[in-house]
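Enquirer: Input: one structure, supplied below.
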Amino acid sequence: MSDKAIQQKIVEPEELFFKAKREKQFITGSEAVKESIKRANVDMAISYPITPQSESMHLVGDIYAQGYVKDYYRGENELGVMSAVAGASMGGVRVFTATGGQGALRAFEMFPTWAGARLPIVCAFFCRGLNSPLTIQPDTIEIGLLLDTGMIILHAETAQDLYDMILKAFIIAEEPDVHLPVAVFADGFFVTHTREMVEIAPEDIKLPPYNPYKSPVPVMDMETPPVRQMRDPFVMKSNYVSYACHASWQQEVRAAAERARKHINKYLGGLLETENEDAEILIMASGTAVSQSRAAIIRAEAEGLKVGLVKLKSLRPFPKDEIKALAKGKKAVIVPEFNITGWLAREIKSVVEDNSKVIGAPRVFGGMTMPPELILEEIRRRSK
Amino acid sequence: MNNKIYEISPGFEEIMPKDYRDLVNDGPFGKKLGVKDLGTFKELLEEHPLCAGCGLALSKRLILASLPSPENTVIVGTTGCSSLSFAQVAIHNIHSIFGNQNAVATGLKRALEIRFPDKTKDVVAMGGDGAIGDIGLGMVMHSWFRGEKFTTIMFDNEAYANTGGQESGMSQKGAVLNMAPTGKKYAKLPMPEIARDAGCVYSASVTPARPKRLEKMVRRAVILARKLGPTYIQIYCPCPTNYKFKPSESLKRTRDMEKSGAYQIKEYISPAAEELIKKFEEVK
C-alpha cells in the first residue's frame, strides 16, 4: 500500500475529476473524506476529535501513516488546530483539517482570519447541534453562523458530493484570483456515518502540488522579498488610511469569493442543480434536506402534484441571480431545513422578489430526522 | 543560506524606497552582526510607535540584533503592545489572533521543514505576558509538550499594557492594576520553570539591562531549537506608561527589580543542550 502510495502519478485536475475511470465503492462519508485526501496531494493535515467528525480525521491519519500525507498530528484543541493550519498555509503548503459543531465555534475566530489572510485552506465541517441542551445529533445551525466569515461555503448532500467537493475545493481555493479558504459542509451522521455507493478515481493518481508562488499574497518563507507582515497592511491605527485599507481589503476578500463562481461552475457543474424547475412549486434546499425533498417529491408526483427541486451546492458565493430567476412566477418556494433558525430561508428571502411566497418550513432540529411527509404536507398546502 | 534574498531586481535600484535600499546595502542579513555592532548597520526595527522608555521596544531591538540568521527567520507575533511595532520589523512576520502564536508557529515551522528540507529556517514566536502566560498558555505549553522546534520569547511587562494596564498572570503579587483594584491575589506565574518542566530544552529569563547576556541567550535559544526542540526566553519589559514611572527611568527600574530579587535572571539548560552549546560556542 505505502509503496503504491508514494508512487502516485501527478495528473491534471481535469484528468482526475472528469476523465479518469472511476470505480464504485460502498463507503461511508468519513471514508469518502479519506479517499479524496488520498488523491489531493495534501502536505499537512492536523486533527482534533469531535463527534461526528473524528472518524474522518482518524482515516486521514491512517493515510498519513501510509505515506499519502507528509505531516499529521493531533492538535491541542480546535483553536490550536485552526491556528496551526493557518501557520502551515502561510508557510506555503497544502493543508486539510475537519471539525464540526461546538469545535467549529471554539475555533470561530480563525475563520475570518483565514479569509482575511487569503489562505487556501480546505476544511470539512460535519454539522451537529449546538448547546444548550447538549446534543451530538445532526443539525445545520452552525452553517448559518459561519456564512459571513468570508470563506467559500459548499454543502454536500451525499458522500459522493463530499468526495468530489473536497477534492475540487483545493483547486478552487488555490486559483490565484480566488485564493480563499473553502469550507465543505456535510450533515453529521446522515452523511458521515452512512454508507453509499461512491464513484472514485484510481488511487495511483493525485492532483498537482500547491504552488505557493502563485498566491496573490507573498508566502511567509523569507524567500520572497520585500518583507511582509501578515496580513499587510497592518490596520489597527485609527486614521482614514487605515479605515480605507481595511474596508478595501474586506471588499477584495468578498470579491475574490465572487470570482470563484466561474471555477465552481467549471468543476462542480454550477452553484446549484435543478430538477423540473418549470413546476409551479419549487423546493429549495441544501445538504440532506435535498434527499428528504426528493423522497417527498416522488410521493407528491404519485398524487399528481408537480414540484421542482433546487439543490444548492454553493452557499458562498450565494447563487442569488439563479435563485431570483428560478423563483420568478412561482406559486411557492418551500425551504426545508435541519435547524431552528432557518438561515437558508432567510438567505433565499433576501434575493427573491416577492418573498412572501418563500415558505421557511418544515424545520426539524436537535437531531431529528425530517419525515418526507412534513415536506409533502407543505407541498399539498401550497398546491391548493 | 540564501543571503541574496534582499537584492533589488536590476533596473529598480533607483525607484526602491530609501529604507529598502538601506536594508539591502547596510542591513544585517548574512553578515553575522550582533548587539555590539548596533549603530553601525541598518537595524531590523525602526521608527516604531511604542511609548518612550518602553522596555519592550528596547528588548525587541536587542532580540532582532541577536538573531543568528535573520535572513532565514520568520517571526510569529500576536496581539499586544509588541504587535504594534511588527509593521516596522524588516523580517517576515505573522500576526494572527490573540494568544495563538505558538500554534501558528507549529504549523509554519512544520510547513517550512516540508518545503525547505535542506535549509535552516528559524521560527520565533514572540508575545507579551498576556498572550503567552494567560490566553495562549494552553497552546504555548502544548507546543512545548509536542517538542516543536522553535523559540518562544515573552515580552514580560507584567500587565496587559496595550488595553490600558490590567493585571495579568505575570503581574507581581499585590500589584494594584486595572481589574486588580485591591491588588493581585496570587503570585507571578513561574514561567521559566513551567517551560523547563513542559519540555523546553532551554529556558531563561533576562532583562534588557544586560544586552550581552540577552544576546547570548537569544542565540542559544534559536540555535538549540533548530536541533533539539522548544526553547523559551522571558524578558522583563518595564512599562512606564502603565506602571507610572518616568520613561528615562526604565533601565534604573530594571536594575532595581534585579537587585531586589523581584525579577531574577535564570537559565535552565538540558544536558543535551549543554553539550550542543559547547560545540557551537567553541566553533565561534
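By order in the C-alpha cells, chains are A, B, ...; within a chain, residues start at 1; ligands start at 1, following the order shown.
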Taking the chain letters and numbering used in this document, name the residues of stretch 61-280 of chain A that DSSP puts in strand (DSSP E or B), as a VMD selection string.

Expert: chain A and resid 71 to 74 95 to 99 122 to 127 152 to 156 182 to 187 195 to 200 205 to 206 229 to 230 272 to 275

Enquirer: Residues at most 10 Å from A:Leu326, counting only C-alpha atoms, excluding those fewer than 6 positions away in the same chain, as a list in words?

Expert: Thr274, Glu277, Asp278, Leu282, Val310, Lys320, Val333 and Val352 of chain A

Enquirer: Export N, CA, C and O atoms of the chosen residues as a compact mmCIF listing (two decimals), in the first residue's frame?

Expert:
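As written to disk, selection_24.txt reads:
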```txt
# COMPACT_ATOMS: atom_id res chain seq x y z
N THR A 274 -30.84 21.78 -10.71
CA THR A 274 -32.31 21.84 -10.69
C THR A 274 -32.92 20.59 -11.31
O THR A 274 -32.30 19.94 -12.16
N GLU A 277 -37.57 22.40 -12.99
CA GLU A 277 -37.65 23.76 -12.47
C GLU A 277 -38.83 24.56 -13.04
O GLU A 277 -39.09 25.67 -12.62
N ASP A 278 -39.56 23.95 -14.04
CA ASP A 278 -40.73 24.64 -14.60
C ASP A 278 -41.97 24.49 -13.72
O ASP A 278 -42.98 25.17 -13.95
N LEU A 282 -41.61 25.07 -6.10
CA LEU A 282 -40.20 24.65 -6.06
C LEU A 282 -39.81 24.37 -4.61
O LEU A 282 -40.21 25.10 -3.70
N VAL A 310 -34.60 22.48 -6.30
CA VAL A 310 -33.35 23.23 -6.49
C VAL A 310 -32.40 22.82 -5.38
O VAL A 310 -32.68 23.03 -4.20
N LYS A 320 -27.43 33.94 -6.06
CA LYS A 320 -28.58 34.85 -5.93
C LYS A 320 -29.33 35.09 -7.23
O LYS A 320 -30.56 35.07 -7.24
N VAL A 333 -42.18 28.75 -2.87
CA VAL A 333 -40.82 28.19 -2.75
C VAL A 333 -40.71 27.62 -1.33
O VAL A 333 -40.76 28.37 -0.36
N VAL A 352 -35.26 36.75 -3.43
CA VAL A 352 -36.46 36.52 -4.23
C VAL A 352 -37.32 37.79 -4.22
O VAL A 352 -37.47 38.42 -3.17
```

Enquirer: If we count only C-alpha atoms, which residues of chain B reach to within 9 Å of chain A? Please list them as a ChimeraX atom specification.

Expert: /B:2,5-8,20,71-74,76,84,86-87,89-97,100-112,114-115,121,138-139,142-143

Enquirer: Which neighbours of B:Met170 fall inside 6 Å, counting only C-alpha atoms, when residues of the same chain fewer than 2 positions from it are skipped, and could you give them as a PyMOL selection string?

Expert: chain B and resi 158+168+188-189

Enquirer: Would you pick out the contacts of A:Asn265 at 12 Å or less, using only C-alpha atoms, so that residues sharing its chain but fewer than 6 positions from it are not included, and give the list as a short mmCIF file (atom, residue, chain, number, x, y, z; two decimals) with N, CA and C atoms, in the first residue's frame?

Expert:
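Output file part11.cif follows:
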```
data_model
loop_
_atom_site.label_atom_id
_atom_site.label_comp_id
_atom_site.auth_asym_id
_atom_site.auth_seq_id
_atom_site.Cartn_x
_atom_site.Cartn_y
_atom_site.Cartn_z
N LYS A 168 -12.18 18.90 -5.22
CA LYS A 168 -12.23 20.06 -6.11
C LYS A 168 -12.01 21.36 -5.34
N ILE A 172 -10.18 24.94 -6.47
CA ILE A 172 -10.93 26.21 -6.46
C ILE A 172 -10.27 27.19 -5.49
N GLU A 258 -16.60 35.95 -4.99
CA GLU A 258 -17.47 36.07 -6.18
C GLU A 258 -16.76 35.53 -7.42
N ARG A 259 -15.45 35.79 -7.49
CA ARG A 259 -14.70 35.31 -8.66
C ARG A 259 -14.60 33.79 -8.69
N LEU A 271 -23.44 26.36 -9.25
CA LEU A 271 -23.61 26.59 -7.82
C LEU A 271 -24.86 25.87 -7.31
N LEU A 272 -25.75 25.54 -8.25
CA LEU A 272 -26.93 24.77 -7.86
C LEU A 272 -27.30 23.82 -8.98
N GLU A 273 -28.16 22.86 -8.65
CA GLU A 273 -28.68 21.91 -9.64
C GLU A 273 -30.19 21.96 -9.58
N LYS A 313 -25.63 23.92 -3.95
CA LYS A 313 -24.34 23.30 -3.62
C LYS A 313 -23.39 24.33 -3.02
N SER A 314 -23.48 25.55 -3.52
CA SER A 314 -22.61 26.62 -3.02
C SER A 314 -23.47 27.65 -2.27
N PRO A 317 -19.87 31.60 -2.74
CA PRO A 317 -20.83 32.60 -3.17
C PRO A 317 -22.24 32.03 -3.24
N PRO A 319 -25.90 31.67 -4.90
CA PRO A 319 -26.40 31.77 -6.29
C PRO A 319 -27.63 32.68 -6.37
#
```

Enquirer: Counting only C-alpha atoms, what is within 12 Å of stretch 254-262 of chain B, bar same-chain residues fewer than 3 positions away, as a PyMOL selection string?

Expert: chain B and resi 53-56+59+156-158+170-173+187-188+205-210+235-240+245+247-251+265-266

Enquirer: For the selection you just gave me, I'd like the residues written to a file as a short mmCIF file (atom, residue, chain, number, x, y, z; two decimals), in the first residue's frame, keeping N, CA, C and O atoms.

Expert:
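Below is the file that was written, selection39.cif:
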```
data_model
loop_
_atom_site.label_atom_id
_atom_site.label_comp_id
_atom_site.auth_asym_id
_atom_site.auth_seq_id
_atom_site.Cartn_x
_atom_site.Cartn_y
_atom_site.Cartn_z
N GLY B 53 10.60 55.15 26.43
CA GLY B 53 11.05 54.38 27.59
C GLY B 53 10.52 52.97 27.64
O GLY B 53 10.70 52.26 28.64
N CYS B 54 9.87 52.53 26.57
CA CYS B 54 9.27 51.19 26.57
C CYS B 54 10.35 50.11 26.62
O CYS B 54 11.20 50.02 25.73
N GLY B 55 10.26 49.27 27.63
CA GLY B 55 11.22 48.18 27.78
C GLY B 55 11.07 47.15 26.68
O GLY B 55 12.02 46.46 26.31
N LEU B 56 9.86 47.07 26.15
CA LEU B 56 9.59 46.10 25.08
C LEU B 56 10.30 46.50 23.79
O LEU B 56 10.90 45.67 23.11
N SER B 59 13.91 45.78 24.18
CA SER B 59 14.15 44.33 24.15
C SER B 59 14.04 43.78 22.73
O SER B 59 14.84 42.96 22.30
N ASP B 156 7.77 40.45 28.90
CA ASP B 156 7.05 40.42 30.17
C ASP B 156 7.01 41.82 30.79
O ASP B 156 7.93 42.23 31.47
N ASN B 157 5.90 42.54 30.52
CA ASN B 157 5.78 43.85 31.17
C ASN B 157 4.84 43.78 32.37
O ASN B 157 4.41 44.79 32.88
N GLU B 158 4.53 42.57 32.76
CA GLU B 158 3.78 42.32 34.00
C GLU B 158 2.40 42.98 34.00
O GLU B 158 1.90 43.38 35.04
N MET B 170 1.27 37.36 34.93
CA MET B 170 2.68 37.64 35.19
C MET B 170 2.87 38.88 36.07
O MET B 170 4.00 39.23 36.40
N SER B 171 1.79 39.56 36.43
CA SER B 171 1.94 40.70 37.36
C SER B 171 2.40 40.15 38.71
O SER B 171 2.10 39.02 39.08
N GLN B 172 3.13 41.01 39.43
CA GLN B 172 3.62 40.58 40.75
C GLN B 172 2.45 40.57 41.74
O GLN B 172 1.52 41.37 41.64
N LYS B 173 2.54 39.66 42.71
CA LYS B 173 1.50 39.59 43.74
C LYS B 173 1.40 40.94 44.46
O LYS B 173 2.43 41.55 44.78
N ALA B 187 0.60 34.85 43.08
CA ALA B 187 1.98 35.15 42.65
C ALA B 187 2.14 35.14 41.13
O ALA B 187 1.31 34.57 40.41
N LYS B 188 3.22 35.77 40.69
CA LYS B 188 3.61 35.75 39.27
C LYS B 188 3.78 34.30 38.80
O LYS B 188 4.31 33.46 39.53
N SER B 205 15.43 33.56 31.75
CA SER B 205 14.84 34.88 31.91
C SER B 205 15.96 35.90 32.01
O SER B 205 17.02 35.61 32.54
N VAL B 206 15.70 37.09 31.46
CA VAL B 206 16.75 38.10 31.37
C VAL B 206 16.10 39.47 31.30
O VAL B 206 14.87 39.58 31.21
N THR B 207 16.89 40.50 31.36
CA THR B 207 16.36 41.87 31.22
C THR B 207 17.18 42.62 30.17
O THR B 207 18.34 42.26 29.90
N PRO B 208 16.59 43.66 29.59
CA PRO B 208 17.34 44.41 28.57
C PRO B 208 18.47 45.24 29.16
O PRO B 208 19.25 45.85 28.42
N ALA B 209 18.56 45.25 30.50
CA ALA B 209 19.70 45.96 31.11
C ALA B 209 20.99 45.16 30.93
O ALA B 209 22.07 45.65 31.26
N ARG B 210 20.86 43.94 30.46
CA ARG B 210 22.03 43.09 30.21
C ARG B 210 22.04 42.66 28.74
O ARG B 210 21.76 41.50 28.42
N ILE B 235 11.68 38.04 28.90
CA ILE B 235 12.45 39.29 29.05
C ILE B 235 11.60 40.32 29.79
O ILE B 235 10.46 40.60 29.40
N TYR B 236 12.16 40.86 30.84
CA TYR B 236 11.46 41.90 31.60
C TYR B 236 11.40 43.17 30.76
O TYR B 236 12.43 43.67 30.31
N CYS B 237 10.19 43.67 30.57
CA CYS B 237 9.99 44.85 29.72
C CYS B 237 9.27 45.92 30.53
O CYS B 237 8.04 46.01 30.46
N PRO B 238 9.98 46.73 31.31
CA PRO B 238 9.31 47.71 32.15
C PRO B 238 8.42 48.65 31.33
O PRO B 238 8.79 49.07 30.24
N CYS B 239 7.24 48.95 31.90
CA CYS B 239 6.23 49.73 31.18
C CYS B 239 5.98 51.05 31.91
O CYS B 239 5.20 51.10 32.86
N PRO B 240 6.65 52.12 31.47
CA PRO B 240 6.49 53.39 32.17
C PRO B 240 5.05 53.92 32.10
O PRO B 240 4.58 54.55 33.05
N PHE B 245 6.07 55.36 35.82
CA PHE B 245 7.37 55.92 36.18
C PHE B 245 7.92 56.67 34.97
O PHE B 245 7.38 56.53 33.86
N PRO B 247 9.84 57.72 31.73
CA PRO B 247 10.45 56.92 30.65
C PRO B 247 11.97 56.83 30.78
O PRO B 247 12.56 55.81 30.44
N SER B 248 12.57 57.87 31.33
CA SER B 248 14.05 57.85 31.45
C SER B 248 14.51 56.89 32.55
O SER B 248 15.70 56.63 32.67
N GLU B 249 13.56 56.38 33.34
CA GLU B 249 13.96 55.54 34.46
C GLU B 249 13.78 54.04 34.20
O GLU B 249 13.88 53.22 35.12
N SER B 250 13.50 53.69 32.96
CA SER B 250 13.23 52.27 32.65
C SER B 250 14.39 51.36 33.05
O SER B 250 14.17 50.32 33.68
N LEU B 251 15.58 51.74 32.66
CA LEU B 251 16.71 50.85 32.95
C LEU B 251 17.03 50.83 34.44
O LEU B 251 17.38 49.79 34.99
N ILE B 265 17.32 36.70 37.00
CA ILE B 265 17.92 36.15 35.78
C ILE B 265 18.08 34.65 36.00
O ILE B 265 18.63 34.22 37.01
N LYS B 266 17.55 33.87 35.07
CA LYS B 266 17.61 32.41 35.22
C LYS B 266 18.06 31.78 33.91
O LYS B 266 17.88 32.37 32.84
#
```

Enquirer: Could you check how far atom CA of B:Asn162 sits from atom CA of B:Ile63, in Å to one decimal?

Expert: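 Atom CA of B:Ile63 lies at a distance of 20.5 Å from atom CA of B:Asn162.
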
Enquirer: Go through stretch 76-223 of chain B and collect every residue that DSSP, computed from the backbone, puts in alpha helix (DSSP H); the answer should be as number ranges by chain.

Expert: B: 81-84, 101-115, 129, 137-145, 191-198, 211-223

Enquirer: Figure out the distance between atom CA of A:Asp148 and atom CA of A:Ala325, please, to one decimal in Å.

Expert: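 Atom CA of A:Asp148 lies at a distance of 23.7 Å from atom CA of A:Ala325.
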
Enquirer: Which one of A:Ile143, A:Ala244, A:Ala156, A:Ile297 sits closest to A:Gly100 if you count only C-alpha atoms?

Expert: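 Using only C-alpha atoms, the shortest distance to A:Gly100 belongs to A:Ile143.
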
Enquirer: Give me, as number ranges by chain, all polymer residues having an atom no more than 10 Å from A:Glu280, counting only C-alpha atoms and skipping those fewer than 4 positions away in the same chain.

Expert: A: 276, 305-308, 327-333, 382-383

Enquirer: Can you spit out the residues from that selection as an mmCIF file, in the first residue's frame, using N, CA and C atoms?

Expert:
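The result, written out as again.cif:
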```
data_model
loop_
_atom_site.group_PDB
_atom_site.id
_atom_site.type_symbol
_atom_site.label_atom_id
_atom_site.label_comp_id
_atom_site.auth_asym_id
_atom_site.auth_seq_id
_atom_site.Cartn_x
_atom_site.Cartn_y
_atom_site.Cartn_z
ATOM 1 N N ASN A 276 -36.922 19.614 -12.778
ATOM 2 C CA ASN A 276 -38.292 20.087 -13.048
ATOM 3 C C ASN A 276 -38.499 21.533 -12.593
ATOM 4 N N LEU A 305 -49.190 15.933 -8.025
ATOM 5 C CA LEU A 305 -48.685 17.289 -7.751
ATOM 6 C C LEU A 305 -47.311 17.458 -8.380
ATOM 7 N N LYS A 306 -47.148 18.543 -9.115
ATOM 8 C CA LYS A 306 -45.868 18.785 -9.789
ATOM 9 C C LYS A 306 -44.999 19.706 -8.923
ATOM 10 N N VAL A 307 -43.819 19.231 -8.626
ATOM 11 C CA VAL A 307 -42.914 20.006 -7.778
ATOM 12 C C VAL A 307 -41.497 19.959 -8.350
ATOM 13 N N GLY A 308 -40.863 21.097 -8.400
ATOM 14 C CA GLY A 308 -39.479 21.152 -8.859
ATOM 15 C C GLY A 308 -38.522 21.184 -7.675
ATOM 16 N N ALA A 327 -37.230 31.575 -9.037
ATOM 17 C CA ALA A 327 -38.417 31.808 -8.204
ATOM 18 C C ALA A 327 -39.469 32.649 -8.923
ATOM 19 N N LYS A 328 -39.055 33.274 -10.002
ATOM 20 C CA LYS A 328 -39.964 34.193 -10.709
ATOM 21 C C LYS A 328 -41.218 33.460 -11.208
ATOM 22 N N GLY A 329 -42.396 33.990 -10.868
ATOM 23 C CA GLY A 329 -43.660 33.421 -11.348
ATOM 24 C C GLY A 329 -44.104 32.153 -10.637
ATOM 25 N N LYS A 330 -43.344 31.728 -9.645
ATOM 26 C CA LYS A 330 -43.736 30.500 -8.937
ATOM 27 C C LYS A 330 -44.827 30.787 -7.914
ATOM 28 N N LYS A 331 -45.544 29.739 -7.585
ATOM 29 C CA LYS A 331 -46.611 29.857 -6.591
ATOM 30 C C LYS A 331 -46.007 29.843 -5.183
ATOM 31 N N ALA A 332 -45.054 28.982 -5.015
ATOM 32 C CA ALA A 332 -44.428 28.887 -3.686
ATOM 33 C C ALA A 332 -43.020 28.319 -3.785
ATOM 34 N N VAL A 333 -42.176 28.750 -2.869
ATOM 35 C CA VAL A 333 -40.821 28.188 -2.750
ATOM 36 C C VAL A 333 -40.706 27.623 -1.329
ATOM 37 N N ARG A 382 -49.563 24.195 -0.306
ATOM 38 C CA ARG A 382 -49.276 25.278 -1.267
ATOM 39 C C ARG A 382 -49.865 25.003 -2.650
ATOM 40 N N SER A 383 -50.304 23.747 -2.875
ATOM 41 C CA SER A 383 -50.850 23.401 -4.198
ATOM 42 C C SER A 383 -52.307 23.792 -4.327
#
```

Enquirer: What is the atom CA of A:Arg254-atom CA of A:Leu268 distance in Å, reported with one decimal?

Expert: 20.2 Å

Enquirer: Find the residues around B:Ile277 up to 10 Å (only C-alpha atoms counted), leave out those fewer than 4 positions away in its own chain, and share them as an mmCIF file with N, CA and C atoms, in the first residue's frame.

Expert:
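Output (part_1.cif):
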```cif
data_model
loop_
_atom_site.group_PDB
_atom_site.id
_atom_site.type_symbol
_atom_site.label_atom_id
_atom_site.label_comp_id
_atom_site.auth_asym_id
_atom_site.auth_seq_id
_atom_site.Cartn_x
_atom_site.Cartn_y
_atom_site.Cartn_z
ATOM 1 N N ARG B 219 20.675 33.770 21.026
ATOM 2 C CA ARG B 219 21.436 32.919 20.083
ATOM 3 C C ARG B 219 21.351 31.450 20.496
ATOM 4 N N ARG B 220 21.548 31.229 21.781
ATOM 5 C CA ARG B 220 21.458 29.852 22.274
ATOM 6 C C ARG B 220 20.070 29.271 22.006
ATOM 7 N N ALA B 221 19.049 30.044 22.359
ATOM 8 C CA ALA B 221 17.679 29.542 22.220
ATOM 9 C C ALA B 221 17.360 29.195 20.768
ATOM 10 N N ILE B 223 19.430 28.609 18.178
ATOM 11 C CA ILE B 223 20.256 27.528 17.606
ATOM 12 C C ILE B 223 19.870 26.174 18.211
ATOM 13 N N LEU B 224 19.601 26.165 19.511
ATOM 14 C CA LEU B 224 19.198 24.903 20.153
ATOM 15 C C LEU B 224 17.859 24.412 19.606
ATOM 16 N N ILE B 269 19.352 24.740 31.430
ATOM 17 C CA ILE B 269 19.877 24.122 30.205
ATOM 18 C C ILE B 269 19.808 22.609 30.358
ATOM 19 N N PRO B 271 20.777 18.675 29.608
ATOM 20 C CA PRO B 271 22.113 18.105 29.323
ATOM 21 C C PRO B 271 22.420 18.077 27.827
ATOM 22 N N ALA B 272 21.436 17.718 27.020
ATOM 23 C CA ALA B 272 21.679 17.670 25.567
ATOM 24 C C ALA B 272 21.991 19.069 25.042
ATOM 25 N N ALA B 273 21.291 20.067 25.594
ATOM 26 C CA ALA B 273 21.526 21.444 25.157
ATOM 27 C C ALA B 273 22.928 21.898 25.568
ATOM 28 N N GLU B 281 29.473 27.110 20.582
ATOM 29 C CA GLU B 281 30.144 28.289 21.143
ATOM 30 C C GLU B 281 31.653 28.169 21.026
ATOM 31 N N GLU B 282 32.160 26.938 20.987
ATOM 32 C CA GLU B 282 33.595 26.720 20.756
ATOM 33 C C GLU B 282 33.964 27.116 19.335
ATOM 34 N N VAL B 283 33.110 26.649 18.398
ATOM 35 C CA VAL B 283 33.367 26.916 16.979
ATOM 36 C C VAL B 283 33.505 28.404 16.734
#
```

Enquirer: For B:Glu267, which residue among B:Pro192, B:Pro181, B:Gly229, B:Gly174 is the nearest when counting only C-alpha atoms?

Expert: B:Pro192
